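Asker: Below you'll find the structure I mean.
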Amino acid sequence: MISIWLLAFLWRLSVAYWYLSLPALGLIAVGADRYWRSLWAAELERRERVASYSLTFDQMSDMHWREFELAVAHLMRRDGISAEHTGKTGDFSGDVVGFDAALGERWMVQVKHYGPNNKVRSDDVQKVAGAAWHVYQARLTLVVTTSGYTRDALAFSAKAGIHLIDKAALVRWATDGIHLHEVLGITAKADYGTAS
């Protein structure tokens, strides 16, 4: 905690050397202004995403599994990823495939519309790892569920580099309008190498 004595000393020092303190205050003000403007711009972008397409968890829970796959594709497009629904019999676990221009990579997404007591198992996540590159030439993999994941599924996805979205992350993405990259903690193209 800054004492009153220290504050008084800093005040006297800044008055005595006003020709140094004024430019410093100006730089602090400009930095603070830029920071708050960037926060406001990010908030406006988030609001625009929510206005363009958002879903409550109840809406997603009430969907048929195929509607949920289409909703995930739409959420990806909302976030600037050119995504298409590919889910059908024999899709090799690729329900949605898309190209992420910001990362310069392809996504393969497996979608699991489960009830609250049914968790995605490790073998479901392993299928994604096996098909992503060989079938879809996708370096980025994602499993989205309305439920959660077993401990083995979490362990395998961590080792294999597969991104997971559970119920809580789904609400942040679909309802709160948080960009997919932010929900997944993706920050730079360099994290994924070069595009093929």
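Identifiers for the structure tokens are assigned positionally: chains receive A, B, ... in sequence, residues are indexed from 1 per chain, and ligands are indexed from 1 in the order shown.
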At a cut-off of 9 Å, using only C-alpha atoms, what residues contact A:Tyr53? Leave out same-chain residues fewer than 6 positions from it and give the result as a list in words.
Answerer: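 Once the adjacent positions are removed, what remains is His74, Leu75, Arg78, Ala174, Thr175 and Gly177 of chain A.
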Asker: Can you spit out the residues from that selection as a CSV table (one decimal), in the first residue's frame, using C-alpha atoms?
Answerer:
chain,number,residue,atom,x,y,z
A,74,HIS,CA,-22.8,-21.9,-38.8
A,75,LEU,CA,-21.0,-20.8,-35.7
A,78,ARG,CA,-19.8,-16.6,-38.0
A,174,ALA,CA,-22.5,-20.0,-29.1
A,175,THR,CA,-24.3,-17.9,-26.5
A,177,GLY,CA,-20.4,-14.8,-28.8
Asker: Would you list, as JSON, numbers by chain, the residues of stretch 7-169 of chain A that end up in strand (DSSP E or B) under DSSP run on this structure's backbone?
Answerer: {"A": [81, 82, 83, 84, 85, 96, 97, 98, 99, 100, 105, 106, 107, 108, 109, 110, 111, 112, 120, 140, 141, 142, 143, 144, 145, 149, 163, 164, 165]}
Asker: Might you pull out every residue within 12 Å of A:Ala153, with only C-alpha atoms counted and same-chain residues fewer than 5 positions away left off, and present them as a PyMOL selection string?
Answerer: chain A and resi 119-129+143+148+158-164+166
Asker: Pick out the residues sitting within 10 Å of A:Val135, and hand them over as a list in words; count only C-alpha atoms, and ignore anything fewer than 6 positions along from it in its own chain.
Answerer: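 Once the nearby chain positions are removed, what remains is Asp91, Phe92, Ser93, Gly94 and Met108 of chain A.
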Asker: Can you spit out the residues from that selection as an mmCIF file, in the first residue's frame, using all heavy atoms?
Answerer:
data_model
loop_
_atom_site.group_PDB
_atom_site.id
_atom_site.type_symbol
_atom_site.label_atom_id
_atom_site.label_comp_id
_atom_site.auth_asym_id
_atom_site.auth_seq_id
_atom_site.Cartn_x
_atom_site.Cartn_y
_atom_site.Cartn_z
ATOM 1 N N ASP A 91 -18.743 -40.692 -42.860
ATOM 2 C CA ASP A 91 -18.011 -39.416 -42.907
ATOM 3 C C ASP A 91 -16.657 -39.491 -42.207
ATOM 4 O O ASP A 91 -15.941 -38.494 -42.139
ATOM 5 C CB ASP A 91 -18.847 -38.281 -42.312
ATOM 6 C CG ASP A 91 -19.182 -38.483 -40.834
ATOM 7 O OD1 ASP A 91 -18.596 -39.377 -40.191
ATOM 8 O OD2 ASP A 91 -20.032 -37.739 -40.324
ATOM 9 N N PHE A 92 -16.285 -40.651 -41.675
ATOM 10 C CA PHE A 92 -15.009 -40.838 -40.978
ATOM 11 C C PHE A 92 -14.821 -39.810 -39.866
ATOM 12 O O PHE A 92 -13.752 -39.255 -39.692
ATOM 13 C CB PHE A 92 -13.830 -40.791 -41.956
ATOM 14 C CG PHE A 92 -13.883 -41.856 -43.006
ATOM 15 C CD1 PHE A 92 -14.325 -41.566 -44.282
ATOM 16 C CD2 PHE A 92 -13.514 -43.159 -42.698
ATOM 17 C CE1 PHE A 92 -14.385 -42.553 -45.250
ATOM 18 C CE2 PHE A 92 -13.576 -44.141 -43.653
ATOM 19 C CZ PHE A 92 -14.010 -43.847 -44.942
ATOM 20 N N SER A 93 -15.879 -39.562 -39.116
ATOM 21 C CA SER A 93 -15.897 -38.658 -37.959
ATOM 22 C C SER A 93 -15.795 -37.182 -38.329
ATOM 23 O O SER A 93 -15.670 -36.346 -37.454
ATOM 24 C CB SER A 93 -14.782 -39.012 -36.964
ATOM 25 O OG SER A 93 -14.965 -40.311 -36.472
ATOM 26 N N GLY A 94 -15.868 -36.841 -39.582
ATOM 27 C CA GLY A 94 -15.798 -35.436 -39.992
ATOM 28 C C GLY A 94 -17.178 -34.874 -40.251
ATOM 29 O O GLY A 94 -17.686 -34.949 -41.363
ATOM 30 N N MET A 108 -11.108 -30.108 -39.020
ATOM 31 C CA MET A 108 -12.029 -31.239 -39.068
ATOM 32 C C MET A 108 -12.721 -31.270 -37.710
ATOM 33 O O MET A 108 -12.057 -31.264 -36.669
ATOM 34 C CB MET A 108 -11.299 -32.555 -39.292
ATOM 35 C CG MET A 108 -12.242 -33.748 -39.310
ATOM 36 S SD MET A 108 -11.328 -35.276 -39.112
ATOM 37 C CE MET A 108 -12.510 -36.238 -38.201
#
Asker: Measure the distance from atom CA of A:Leu180 to atom CA of A:Asn117 in Å and round it to one decimal.
Answerer: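 Taking atom CA of A:Leu180 as the start and atom CA of A:Asn117 as the end point, the length is 25.2 Å.
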Asker: Using DSSP assignments from the backbone, pull out every residue in chain A that falls under alpha helix (DSSP H) and give it to me as a PyMOL selection string.
Answerer: chain A and resi 4-16+18-52+57-62+65-78+122-136+151-160+167-170+180-184
Asker: From the set A:Gly104, A:His179, A:Ile4, A:Ala132, which residue has the shortest atom-to-atom contact distance to A:Arg77, counting only C-alpha atoms?
Answerer: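 Among A:Gly104, A:His179, A:Ile4, A:Ala132, it is A:His179 that comes nearest to A:Arg77.
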Asker: Smallest atom-to-atom distance to A:Lys88: which of A:Trp65, A:Tyr19, A:Tyr136, A:Trp5, using only C-alpha atoms?
Answerer: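 Smallest separation from A:Lys88 among the options: A:Trp65.
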